[in-house]
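Below is work_14.txt, which holds compact mmCIF, C-alpha atoms and all ligand atoms.
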```txt
# COMPACT_ATOMS: atom_id res chain seq x y z
CA MET A 1 15.68 4.03 67.33
CA GLN A 2 14.57 5.87 64.20
CA LEU A 3 11.62 3.62 63.28
CA LEU A 4 10.18 4.07 66.77
CA GLN A 5 10.66 7.85 66.73
CA ASP A 6 8.88 7.99 63.36
CA LYS A 7 5.94 5.97 64.75
CA ILE A 8 5.69 8.25 67.77
CA ARG A 9 5.74 11.36 65.55
CA ASP A 10 3.23 9.90 63.04
CA PHE A 11 0.81 8.13 65.37
CA GLY A 12 1.41 9.46 68.90
CA ASN A 13 -0.89 12.04 70.44
CA VAL A 14 0.24 14.43 73.14
CA LEU A 15 -2.75 14.47 75.51
CA SER A 16 -1.24 16.82 78.08
CA PRO A 17 2.24 18.20 78.79
CA THR A 18 3.12 14.87 80.45
CA VAL A 19 1.01 12.18 78.76
CA LEU A 20 1.64 10.70 75.35
CA LYS A 21 -1.04 8.48 73.85
CA VAL A 22 0.33 5.63 71.76
CA ASP A 23 -2.76 3.42 71.57
CA ALA A 24 -2.29 3.03 67.80
CA PHE A 25 0.83 0.86 68.10
CA LEU A 26 1.69 0.00 71.71
CA ASN A 27 -1.00 0.39 74.37
CA HIS A 28 -4.15 -0.85 72.64
CA GLN A 29 -3.56 -1.80 69.01
CA ILE A 30 -0.15 -3.41 68.65
CA ASP A 31 2.10 -2.92 65.63
CA ALA A 32 3.66 -6.40 65.57
CA ALA A 33 6.31 -5.49 63.00
CA LEU A 34 7.40 -2.55 65.13
CA MET A 35 7.43 -4.77 68.24
CA LYS A 36 9.62 -7.28 66.39
CA ALA A 37 12.07 -4.47 65.57
CA VAL A 38 11.91 -3.33 69.20
CA GLY A 39 12.78 -6.85 70.37
CA GLU A 40 15.74 -6.97 67.99
CA GLU A 41 16.97 -3.57 69.13
CA PHE A 42 16.79 -4.58 72.82
CA ALA A 43 18.74 -7.75 71.95
CA GLU A 44 21.42 -5.64 70.27
CA ARG A 45 21.63 -3.23 73.24
CA PHE A 46 21.96 -6.13 75.69
CA LYS A 47 24.21 -8.37 73.61
CA ASP A 48 26.99 -8.12 76.24
CA VAL A 49 24.88 -9.58 79.08
CA GLN A 50 24.15 -13.24 79.79
CA ALA A 51 20.48 -13.05 80.67
CA THR A 52 18.43 -16.07 81.75
CA LYS A 53 14.96 -14.45 82.02
CA ILE A 54 12.98 -11.48 80.78
CA LEU A 55 10.64 -9.81 83.31
CA THR A 56 7.90 -7.29 82.58
CA LEU A 57 4.61 -6.01 83.99
CA GLU A 58 1.18 -6.63 82.50
CA SER A 59 -0.25 -5.51 80.19
CA SER A 60 1.64 -3.20 77.85
CA GLY A 61 5.09 -4.55 78.63
CA ILE A 62 4.17 -8.00 77.38
CA ALA A 63 4.44 -7.37 73.64
CA PRO A 64 7.95 -5.85 73.61
CA ALA A 65 9.19 -8.29 76.26
CA THR A 66 7.90 -11.28 74.31
CA MET A 67 9.66 -10.14 71.16
CA LEU A 68 12.94 -9.84 73.07
CA GLY A 69 12.37 -13.29 74.56
CA LEU A 70 11.83 -14.68 71.09
CA VAL A 71 15.08 -13.19 69.76
CA LEU A 72 17.13 -14.33 72.78
CA GLY A 73 15.35 -17.67 73.24
CA LEU A 74 14.51 -16.85 76.87
CA PRO A 75 11.40 -17.25 79.02
CA VAL A 76 9.27 -14.13 79.50
CA ILE A 77 7.54 -13.55 82.84
CA PHE A 78 4.99 -10.82 83.41
CA ALA A 79 4.25 -9.61 86.91
CA ARG A 80 0.52 -9.63 87.56
CA LYS A 81 -1.39 -6.65 88.90
CA ARG A 82 -4.66 -8.35 89.59
CA LYS A 83 -5.25 -11.29 91.82
CA SER A 84 -5.65 -14.35 89.69
CA LEU A 85 -7.53 -17.54 90.44
CA THR A 86 -4.44 -19.67 90.00
CA LEU A 87 -1.69 -17.35 91.27
CA SER A 88 -1.34 -18.13 94.96
CA GLY A 89 1.21 -19.09 97.59
CA ASN A 90 4.90 -18.52 97.21
CA LEU A 91 4.66 -15.07 95.70
CA LEU A 92 7.22 -12.33 95.30
CA SER A 93 5.33 -9.05 95.66
CA ALA A 94 5.94 -5.32 95.62
CA THR A 95 3.82 -2.22 95.96
CA VAL A 96 3.77 0.16 93.02
CA HIS A 97 2.34 3.65 93.26
CA SER A 98 1.33 5.31 90.02
CA PHE A 99 1.63 9.10 90.22
CA THR A 100 -0.03 9.31 86.80
CA LYS A 101 -3.15 7.48 87.93
CA ASN A 102 -2.81 8.13 91.68
CA VAL A 103 -3.41 4.48 92.55
CA THR A 104 -1.30 2.00 94.45
CA SER A 105 -1.27 -1.58 93.32
CA GLU A 106 0.44 -4.77 94.32
CA ILE A 107 2.42 -6.64 91.68
CA SER A 108 3.19 -10.33 92.06
CA VAL A 109 5.38 -13.00 90.50
CA SER A 110 5.37 -16.66 91.46
CA ARG A 111 8.60 -18.02 92.92
CA ASP A 112 8.17 -20.89 90.46
CA PHE A 113 9.50 -18.68 87.66
CA LEU A 114 12.27 -16.57 89.22
CA GLN A 115 15.11 -18.29 91.02
CA ALA A 116 18.22 -17.31 92.93
CA GLY A 117 20.99 -16.77 90.39
CA ASP A 118 18.72 -15.74 87.52
CA GLN A 119 20.09 -12.89 85.40
CA VAL A 120 17.09 -10.76 84.55
CA ILE A 121 16.40 -8.12 81.90
CA ILE A 122 13.44 -5.95 82.95
CA ILE A 123 11.31 -4.53 80.11
CA ASP A 124 8.50 -1.96 80.18
CA ASP A 125 6.65 0.18 77.68
CA PHE A 126 6.97 3.55 79.47
CA LEU A 127 9.34 5.02 82.01
CA ALA A 128 7.93 8.02 83.85
CA ASN A 129 8.68 8.20 87.56
CA GLY A 130 10.16 4.74 87.66
CA GLU A 131 7.76 3.22 90.17
CA ALA A 132 6.98 0.16 88.07
CA VAL A 133 10.67 -0.54 87.45
CA ARG A 134 11.44 -0.11 91.16
CA GLY A 135 8.74 -2.68 91.95
CA LEU A 136 10.17 -5.12 89.43
CA LEU A 137 13.70 -4.56 90.81
CA SER A 138 12.35 -5.39 94.26
CA VAL A 139 10.80 -8.62 92.98
CA VAL A 140 14.13 -9.61 91.38
CA ALA A 141 16.01 -8.83 94.61
CA GLN A 142 13.54 -10.88 96.70
CA ALA A 143 14.22 -13.85 94.42
CA GLU A 144 17.97 -13.36 95.04
CA ALA A 145 18.30 -12.93 91.30
CA THR A 146 20.23 -10.14 89.56
CA ALA A 147 18.79 -7.40 87.37
CA VAL A 148 21.32 -7.03 84.56
CA GLY A 149 19.51 -4.18 82.85
CA VAL A 150 16.27 -2.35 82.19
CA GLY A 151 14.91 -1.90 78.65
CA ILE A 152 12.28 0.77 78.05
CA VAL A 153 10.40 1.46 74.83
CA ILE A 154 9.58 5.12 75.56
CA GLU A 155 11.24 7.11 78.34
CA LYS A 156 9.87 10.51 79.27
CA GLY A 157 13.17 12.18 80.00
CA PHE A 158 11.50 15.17 81.63
CA GLN A 159 10.22 12.97 84.46
CA HIS A 160 12.65 11.74 87.06
CA GLY A 161 12.53 7.92 86.86
CA GLY A 162 15.35 7.43 84.35
CA LYS A 163 17.75 9.79 86.10
CA GLU A 164 17.09 8.26 89.52
CA LEU A 165 17.59 4.70 88.31
CA ARG A 166 20.82 5.59 86.47
CA ASP A 167 22.08 7.57 89.48
CA ASN A 168 21.52 4.38 91.51
CA GLY A 169 23.70 2.40 89.12
CA VAL A 170 20.90 0.68 87.20
CA ARG A 171 21.62 0.19 83.52
CA VAL A 172 18.67 1.67 81.60
CA GLU A 173 18.43 1.30 77.82
CA SER A 174 15.59 3.38 76.37
CA LEU A 175 14.78 3.09 72.67
CA ALA A 176 13.24 6.57 72.54
CA ILE A 177 13.76 9.33 75.09
CA ILE A 178 11.42 12.32 74.91
CA ASP A 179 12.96 15.49 76.29
CA SER A 180 9.91 17.65 75.79
CA MET A 181 6.58 17.54 74.03
CA ASP A 182 3.55 19.61 73.21
CA THR A 183 0.66 19.14 70.82
CA ASP A 184 2.62 20.11 67.72
CA HIS A 185 6.14 18.99 68.54
CA ILE A 186 7.94 16.10 70.21
CA ARG A 187 11.65 16.58 70.86
CA PHE A 188 13.81 13.47 71.25
CA ARG A 189 17.16 13.31 73.05
P1 LIG A 201 6.20 4.89 86.48
O1 LIG A 201 6.06 3.42 86.67
O2 LIG A 201 7.37 5.24 85.60
O3 LIG A 201 6.25 5.63 87.80
O4 LIG A 201 4.95 5.36 85.69
P2 LIG A 201 3.47 5.71 86.13
O5 LIG A 201 3.17 5.11 87.46
O6 LIG A 201 3.29 7.14 85.94
O7 LIG A 201 2.67 4.88 85.03
C1 LIG A 201 1.42 4.30 85.29
C2 LIG A 201 0.87 3.71 84.02
O8 LIG A 201 0.78 4.73 83.03
C3 LIG A 201 1.71 2.61 83.39
O9 LIG A 201 0.84 1.80 82.64
C4 LIG A 201 2.60 3.40 82.43
O10 LIG A 201 3.09 2.59 81.38
C5 LIG A 201 1.63 4.42 81.93
N1 LIG A 201 2.21 5.66 81.47
C6 LIG A 201 2.97 6.56 82.15
N2 LIG A 201 3.18 7.64 81.40
C7 LIG A 201 2.56 7.41 80.22
C8 LIG A 201 2.41 8.18 79.02
O11 LIG A 201 2.89 9.30 78.86
N3 LIG A 201 1.70 7.60 78.03
C9 LIG A 201 1.12 6.37 78.15
N4 LIG A 201 0.45 5.89 77.08
N5 LIG A 201 1.23 5.63 79.25
C10 LIG A 201 1.94 6.17 80.27
P3 LIG A 201 -0.04 0.71 83.31
O12 LIG A 201 -1.04 1.30 84.25
O13 LIG A 201 0.90 -0.28 83.91
O14 LIG A 201 -0.89 0.13 82.14
P4 LIG A 201 -0.66 -0.98 81.03
O15 LIG A 201 0.72 -1.53 81.13
O16 LIG A 201 -1.69 -1.98 81.31
O17 LIG A 201 -0.83 -0.25 79.76
NA NA A 202 0.90 1.54 79.90
NA NA A 203 3.36 -0.16 81.53
```
Turn the structure described in the file into structure tokens.
Ligand code: G4P
Ligand code: NA
Ligand code: NA
Amino acid sequence: MQLLQDKIRDFGNVLSPTVLKVDAFLNHQIDAALMKAVGEEFAERFKDVQATKILTLESSGIAPATMLGLVLGLPVIFARKRKSLTLSGNLLSATVHSFTKNVTSEISVSRDFLQAGDQVIIIDDFLANGEAVRGLLSVVAQAEATAVGVGIVIEKGFQHGGKELRDNGVRVESLAIIDSMDTDHIRFR
């Protein structure tokens, strides 16, 4: 997606060989026009599937997932990472280990919002090692729903999550795939 690649080149900051900072348009400040275009692009990529729900993970997946939900006219659910006052009972949960942050967290979705038979598109902002997506796939499986595809805004192609998911037969649509990066150059696939 050219518009997204341009944003990454113009406003992204390579913090280390493996970490790209995109706080200017995705992870802190949100470029709503870009997110709208992202939602439309996901809708185009997934036009052959009959989805019933969009599922993401708080917080940075919410903006792109919501824009896709708006285009497709579908509900958007975000898995919660923190315990909430009102989220209790009847939960679908999975453990997600972040290699980037070296923390393990539990993600949860209420059974009220994911049912057997749902056809789910999973959305996230970044794909690195794929732990978050694996957790969301587990939540979908526990609900006896089907994951019809995974949509990622930025995939770091030099980390193994995308390859592993695809090797396992998961359909992954990434709007930008970075093959390599350093402080003065980002190379896209
Ligand atoms: P994984 O799910 O693919 O295994 O990724 P990982 O555990 O490494 O990611 C942990 C968190 O760091 C996630 O955000 C993920 O989106 C983010 N992340 C991973 N690599 C990068 C990167 O290169 N740049 C940026 N900006 N973020 C990265 P999170 O903790 O869920 O936070 P948020 O959704 O609240 O923003
Ligand atoms: Na993030
Ligand atoms: Na994320």
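Straight-line separation from CA of Arg111 (chain A) to CA of Ala145 (chain A): 11.1 Å.
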Could you make a table, as CSV, of the residues of chain A that have an atom within 7 Å of an atom of ligand NA 203 (chain A), each with its nearest atom pair and distance in Å to one decimal, counting all atoms listed in the file, in chain and number order?
```
residue,atom,partner,partner_atom,distance
A:Leu57,CA,A:NA203,NA,6.5
A:Glu58,CA,A:NA203,NA,6.9
A:Ser59,CA,A:NA203,NA,6.6
A:Ser60,CA,A:NA203,NA,5.1
A:Gly61,CA,A:NA203,NA,5.5
A:Asp124,CA,A:NA203,NA,5.6
A:Asp125,CA,A:NA203,NA,5.1
A:Phe126,CA,A:NA203,NA,5.6
```
Report summary line: Of A:Val22, A:Leu70, A:Leu114, A:Ile152, the one nearest to ligand LIG 201 (chain A) when counting all atoms listed in the file is A:Val22
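With only C-alpha atoms and all ligand atoms as the atoms that count, the minimum distance from ligand LIG 201 (chain A) to the choices A:Leu74, A:Ala132, A:Leu34, A:Ile8 is reached by A:Ala132.
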Report task. Using only C-alpha atoms, determine which residues lie at most 12 Å from Glu164 (chain A), disregarding the query and same-chain residues fewer than 5 positions distant; provide the list as a ChimeraX atom specification. Result -> /A:127-131,133-134,157-159,169-172
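Among the candidates A:Val150, A:Val38, A:Leu20, A:Met181, the one nearest to ligand NA 202 (chain A) when counting all atoms listed in the file is A:Leu20.
CA of Lys101 (chain A) lies 20.5 Å from CA of Ser180 (chain A).
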Expected axis-aligned box over every listed atom of region 11-27 of chain A, 3 Å added per side, centre plus edges in Å to one decimal, as AutoDock Vina command-line options:
```
--center_x 0.2 --center_y 9.1 --center_z 72.9 --size_x 11.9 --size_y 24.2 --size_z 21.1
```
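Of the residues listed (A:Arg82, A:Lys53, A:Arg45, A:Lys7), A:Arg45 shows the shortest atom-to-atom separation from Ser174 (chain A); distances use only C-alpha atoms.
Distances to ligand NA 202 (chain A) were evaluated for A:Gln50, A:Thr100, A:Gln5, A:Asn13 using all atoms listed in the file, and the minimum falls at A:Thr100.
Computed from the coordinates, the CA of Gly12 (chain A) to atom P4 of ligand LIG 201 (chain A) distance equals 16.1 Å.
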**Report entry** Polymer residues at most 9 Å from Glu41 (chain A), all atoms listed in the file, same-chain spacing of 4 or more positions, as a ChimeraX atom specification
**Finding:** /A:1,36-37,45-46,68,175
Query - Pick from A:Leu137, A:Leu72, A:Ile178, A:Met67 nearest to Val19 (chain A), counting only C-alpha atoms - result: A:Ile178
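When the distance limit is 9 Å and all atoms listed in the file are what count, the residues near Phe11 (chain A), minus those fewer than 4 positions from it on the same chain, are Asp6, Lys7, Lys21, Val22, Asp23, Ala24 and Phe25 of chain A.
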Query raised in the report: At a cut-off of 7 Å from (15.1, -9.3, 78.6) in the coordinates of the file, what residues are picked up using only C-alpha atoms, written as an MDAnalysis selection string?
Result: chainID A and resid 51 53:55 65 68:69 120:123
Serialized selection, C-alpha atoms, as a PDB file, in the coordinates of the input:
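Dumped to selection.pdb:
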```pdb
ATOM      1  CA  ALA A  51      20.480 -13.050  80.670  1.00  0.00           C
ATOM      2  CA  LYS A  53      14.960 -14.450  82.020  1.00  0.00           C
ATOM      3  CA  ILE A  54      12.980 -11.480  80.780  1.00  0.00           C
ATOM      4  CA  LEU A  55      10.640  -9.810  83.310  1.00  0.00           C
ATOM      5  CA  ALA A  65       9.190  -8.290  76.260  1.00  0.00           C
ATOM      6  CA  LEU A  68      12.940  -9.840  73.070  1.00  0.00           C
ATOM      7  CA  GLY A  69      12.370 -13.290  74.560  1.00  0.00           C
ATOM      8  CA  VAL A 120      17.090 -10.760  84.550  1.00  0.00           C
ATOM      9  CA  ILE A 121      16.400  -8.120  81.900  1.00  0.00           C
ATOM     10  CA  ILE A 122      13.440  -5.950  82.950  1.00  0.00           C
ATOM     11  CA  ILE A 123      11.310  -4.530  80.110  1.00  0.00           C
TER      12      ILE A 123
END
```
